[in-house]
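Before any comments, here is the structure.
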Number of protein chains: 2
Amino acid sequence: MNAEVLAVGTELLMGQITNTNAQYISNKLLDLGINVFYHSVVGDNPYRLKESIKLAFDRSDIVIMTGGLGPTQDDLTKEVTADYFGLNLINDDESLKSIEEFFKKISKPMVKSNIKQALMPEGSIVLKNNAGTAPGCIIENNSKIAILLPGPPREMKQMFEEKVFSYLRNKSTDIITSLHLKVIGVGESLVEKILEDLIENQTNPTIATYAKDGEVLIRISANSTSDVEGEKLINNIKDLVFERLGNNIFSTIDEELESVVGNMLIEKNVTISIAESCTGGLLSARLTNVPNISKVFLDSIVTYSNNAKINLIGVSEDTINKFGAVSEETAKEMAYGIRNLSNSDIGISITGIAGPGGGSPEKPVGLVYIAITYKDITICKKYNFIGDRMRIRNSACLNALDLIRREYFFNQNL
Amino acid sequence: MNAEVLAVGTELLMGQITNTNAQYISNKLLDLGINVFYHSVVGDNPYRLKESIKLAFDRSDIVIMTGGLGPTQDDLTKEVTADYFGLNLINDDESLKSIEEFFKKISKPMVKSNIKQALMPEGSIVLKNNAGTAPGCIIENNSKIAILLPGPPREMKQMFEEKVFSYLRNKSTDIITSLHLKVIGVGESLVEKILEDLIENQTNPTIATYAKDGEVLIRISANSTSDVEGEKLINNIKDLVFERLGNNIFSTIDEELESVVGNMLIEKNVTISIAESCTGGLLSARLTNVPNISKVFLDSIVTYSNNAKINLIGVSEDTINKFGAVSEETAKEMAYGIRNLSNSDIGISITGIAGPGGGSPEKPVGLVYIAITYKDITICKKYNFIGDRMRIRNSACLNALDLIRREYFFNQNL
């Protein structure tokens with residue numbers, strides 16, 4: 001089976017929004033073992049939309065469409081798709097009830113045009129929208145499958161996860177089981193080298209690696225005849241990968257490093273405080289993205305200036321004069337200072353040169369020191385990050401989070 | 001003239017990256033008055049790529065392709081496009097020299113496969129890549145135009161801005177001049193109402209509004225026979241829009257609010273310090289994204305806990321007990337406290353409930369207080385933001401930046 005993702009919406013062609021839906025859906029289809037050969041985007045124009053649907057079904061078995069399910073005259077996806085298949089649109093009572101309930105829940109009056117959203121192609125499988133008003137649907141017709149999903153990513157994702165994923169999984173003759181392992185601290189080429197024999201000898205499961213923003217994703221995918229067999233196949237390889245990469249793997253589900261670290265801190269009730277210089281609050285901002293982090297996140301100070309380092313968290317003026325604000329010594333005193341001030345279990349600090357200015361031959365742009373202090377241990381690591389200001393700041397945050405994870409949670413008894 | 005954006009790369013179809021290039025290019029083409037009717041994405045497969053190129057030229061005058069210009073065997077865009085037009089690929093001396101120089105600059109040896117990148121379709125206009133190794137090119141053939149650009153967004157954008165924009169502008173019989181005004185503090189529907197007569201009576205220039213992440217973009221676009229006339233047409237409407245929206249307009253070029261505010265602070269040498277609670281460092285992180293901000297950015301403290309508010313910046317315990325941590329009184333004392341501690345010109349604070357937990361009927365999720373203090377003035381504003389944790393935190397930062405801009409820079413003598 002192969003599939004095509006067809007997004008409908010003039011706002012995409014005008015560059016008002018990015019087609020993130022296509023990426024999300026492609027990723028999921030990859031996990032399902034369904035090939036995606038094309039993405040396309042067409043505007044809210046019935047002629048061009050119909051031509052695009054025709055073209056898509058000429059070359060693909062499954063066409064997943066996003067957008068154009070709204071209540072306005074411009075929203076034509078259901079109408080044009082039904083027309084393509086020669087189907088009528090009929091009112092779906094349950095969808096209408098859901099839409100009415102949705103408006104009741106948000107205490108807003110339902111506009112008459114919303115009734116249009118409950119019209120569904122006859123014989124289609126209706127997909128309830130639990131995050132908005134537009135229901136989706138699946139049309140099966142002569143071995144072709146059209147899946148119509150709402151455009152807003154939040155609504156589309158929820159519908160895909162709740163309904164479409166299992167639908168497609170059941171459609172396949174083979175059962176594909178996939179696992180994503182997220183790795184930090186080892187570059188993609190080294191990961192490939194470490195897993196070389198597994199990758200070279202792969203048949204089933206398959207293993208692939210992808211680099212992204214300082215992390216490496218390992219995708220293990222098995223083809224089997226049952227869920228149990230699929231999981232067994234996956235687990236065999238997973239165990240081998242874990243044996244070789246160990247703590248470099250920070251997640252077996254698709255989650256961010258800050259969530260992993262934040263939830264570890266919350267679970268173990270370990271309090272933390274942060275002193276940042278070149279990252280200017282970014283590490284704090286990322287960590288406080290995690291719900292309930294307030295239970296363990298005490299203070300964070302952005303000591304951008306030398307004065308702040310000295311006056312607010314007690315870095316010694318001598319240290320800064322002798323070694324500079326960007327140095328191992330200053331980083332350590334920052335970590336120690338903030339921990340002392342906050343009386344937290346962990347103190348962490350970042351000081352470096354994010355650029356574009358401020359670099360020198362001895363201390364170039366990208367030089368960053370990250371220090372952590374806990375119990376009677378204080379450790380500082382030196383990094384030379386590459387890229388622009390934004391990338392250097394991001395790399396620093398990622399590595400600081402990783403330092404907490406490794407030092408505090410995995411090496412504390414070493 | 002109408003155009004199509006064709007992205008080439010299997011990594012897009014596997015969901016590894018998002019096709020942000022299509023959005024960027026569409027936006028620019030809109031400014032040039034060139035219609036975009038389709039986006040498409042195809043993998044690194046010569047058969048499907050050629051079919052896609054054929055299809056694109058069947059329905060569009062200009063096809064802008066991104067990706068597939070790299071040194072590997074997978075990179076086929078030039079080869080397949082030249083084949084489609086029946087052109088040979090010939091070595092371009094200047095491109096080869098540029099590629100050699102690029103590797104010299106980054107002190108890395110040039111791999112032999114990079115020589116392939118200097119092969120260009122005969123008769124094409126070569127586009128030098130000032131940000132990477134892959135040159136682009138423009139092929140003009142029987143009233144059709146193919147524009148081949150590198151896939152990495154940074155390289156693509158730089159090439160588009162330096163070369164492609166003016167090329168396309170000269171190709172048009174009409175000269176399109178566009179201006180983007182960015183607005184904050186007024187919703188899209190109100191902006192539309194304020195400009196109603198201008199929008200309704202528009203012929204040339206045209207005016208359109210778009211809402212995005214708490215901001216509104218106003219696009220003014222004029223069709224003329226010369227640059228001078230175009231600018232005159234634009235300026236007439238621009239003046240009218242400024243008369244009505246005044247300081248709600250924060251930028252006449254495409255820049256972020258933090259850059260506008262950050263650069264205002266740097267230019268006027270106004271120092272600032274920040275105390276954040278629910279935003280957890282996000283405001284500091286955004287402001288410190290601005291290069292050279294260290295000249296005026298003194299301190300920032302994330303006072304997440306009540307203890308931090310009391311001990312670090314001197315919020316009175318009584319105030320917190322009496323009014324709560326999320327209150328006008330606490331916000332004001334936070335702003336005053338951080339300004340006092342840092343001895344900065346401006347102190348700004350944010351305290352609120354970002355959710356998902358922590359809300360109550362009296363103080364619901366989304367309630368945020370933002371206070372600013374400067375000279376002998378201290379002002380606090382109350383907001384009720386909607387959306388999830390991320391959106392509430394973003395809205396709070398945006399409004400804090402706007403408060404600095406309006407209060408300090410525009411109303412200080414009122």
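FYI, nothing fancy with the structure tokens labels: chains A, B, ... in order, residues from 1 per chain, ligands from 1 as they appear.
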
Self-check item: At most 8 Å to chain B: residues in chain A, only C-alpha atoms, as a VMD selection string
Solution: chain A and resid 12 to 20 22 to 27 30 36 to 43 210 279 to 286 288 to 289 291 to 292 294 297 to 305 308 342 355 to 357 389 to 390

Exercise. Extract the full set of strand (DSSP E) residues from range 135-324 of chain A according to DSSP on the backbone, and format it as a ChimeraX atom specification.
Key: /A:136-141,144-149,175-184,206-212,215-224,249-251,272-276,297-303

Please save C-alpha atoms of the selected residues as a compact mmCIF listing (two decimals), in the first residue's frame.
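After the write, out.txt holds the following:
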# COMPACT_ATOMS: atom_id res chain seq x y z
CA GLY A 136 -13.55 13.67 9.63
CA CYS A 137 -14.41 10.62 7.58
CA ILE A 138 -13.06 7.62 5.72
CA ILE A 139 -14.40 6.67 2.29
CA GLU A 140 -13.64 3.17 0.99
CA ASN A 141 -14.29 2.84 -2.72
CA LYS A 144 -9.11 3.12 -2.85
CA ILE A 145 -9.27 4.83 0.55
CA ALA A 146 -9.83 8.55 1.16
CA ILE A 147 -9.28 9.81 4.68
CA LEU A 148 -10.51 13.35 5.34
CA LEU A 149 -9.10 15.07 8.42
CA ILE A 175 1.31 -5.81 11.20
CA ILE A 176 4.02 -3.20 11.54
CA THR A 177 5.28 -2.38 15.02
CA SER A 178 7.64 0.55 15.47
CA LEU A 179 9.70 1.89 18.31
CA HIS A 180 11.55 5.20 18.50
CA LEU A 181 14.62 5.50 20.72
CA LYS A 182 15.94 9.01 21.31
CA VAL A 183 19.68 9.38 21.89
CA ILE A 184 21.76 12.30 23.13
CA THR A 206 14.71 -2.81 10.26
CA ILE A 207 16.81 -0.17 12.01
CA ALA A 208 17.41 3.37 10.82
CA THR A 209 19.00 6.43 12.41
CA TYR A 210 18.19 10.12 11.90
CA ALA A 211 19.97 13.17 13.30
CA LYS A 212 17.97 16.16 14.48
CA GLU A 215 19.71 14.37 19.06
CA VAL A 216 19.69 11.08 17.17
CA LEU A 217 16.51 9.10 16.60
CA ILE A 218 16.74 5.32 16.17
CA ARG A 219 13.69 3.79 14.51
CA ILE A 220 13.15 0.05 14.90
CA SER A 221 10.35 -1.38 12.80
CA ALA A 222 9.11 -4.98 12.70
CA ASN A 223 6.83 -6.74 10.25
CA SER A 224 4.86 -9.56 11.82
CA ILE A 249 19.13 6.65 25.18
CA PHE A 250 16.90 9.10 27.01
CA SER A 251 13.47 8.14 25.73
CA ILE A 272 16.78 22.36 41.30
CA SER A 273 17.97 25.92 40.78
CA ILE A 274 19.62 27.44 37.73
CA ALA A 275 22.12 30.21 36.98
CA GLU A 276 22.30 31.07 33.28
CA PHE A 297 11.94 24.08 40.37
CA LEU A 298 13.03 26.65 42.94
CA ASP A 299 14.90 29.62 41.49
CA SER A 300 16.59 30.61 38.34
CA ILE A 301 18.72 33.65 37.86
CA VAL A 302 19.96 35.02 34.58
CA THR A 303 23.31 36.48 35.58

Computed gap from CA of Lys171 in chain A to CA of Asp227 in chain A is 14.1 Å

Every residue of range 99-151 of chain A that DSSP places in helix (DSSP H, G or I), as a ChimeraX atom specification:
/A:99-105,112-118

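Here CA of Phe102 in chain B and CA of Pro364 in chain A stand 20.1 Å from one another.
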
- [ ] Quick one: everything within 7 Å of Met110 in chain B, counting only C-alpha atoms, minus sequence neighbours fewer than 3 positions away in the same chain. Send it as a list in words.
- [x] Glu100, Phe103 and Asn114 of chain B

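For the set B:Ile353, B:Val365, B:Phe165, B:Asp402, the residue with the smallest atom-to-atom gap to Glu256 in chain B is B:Asp402, counting only C-alpha atoms.
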
From the list B:Ser124, B:Thr72, B:Ser166, B:Asn399, the nearest residue to Asn248 in chain B using only C-alpha atoms is B:Asn399
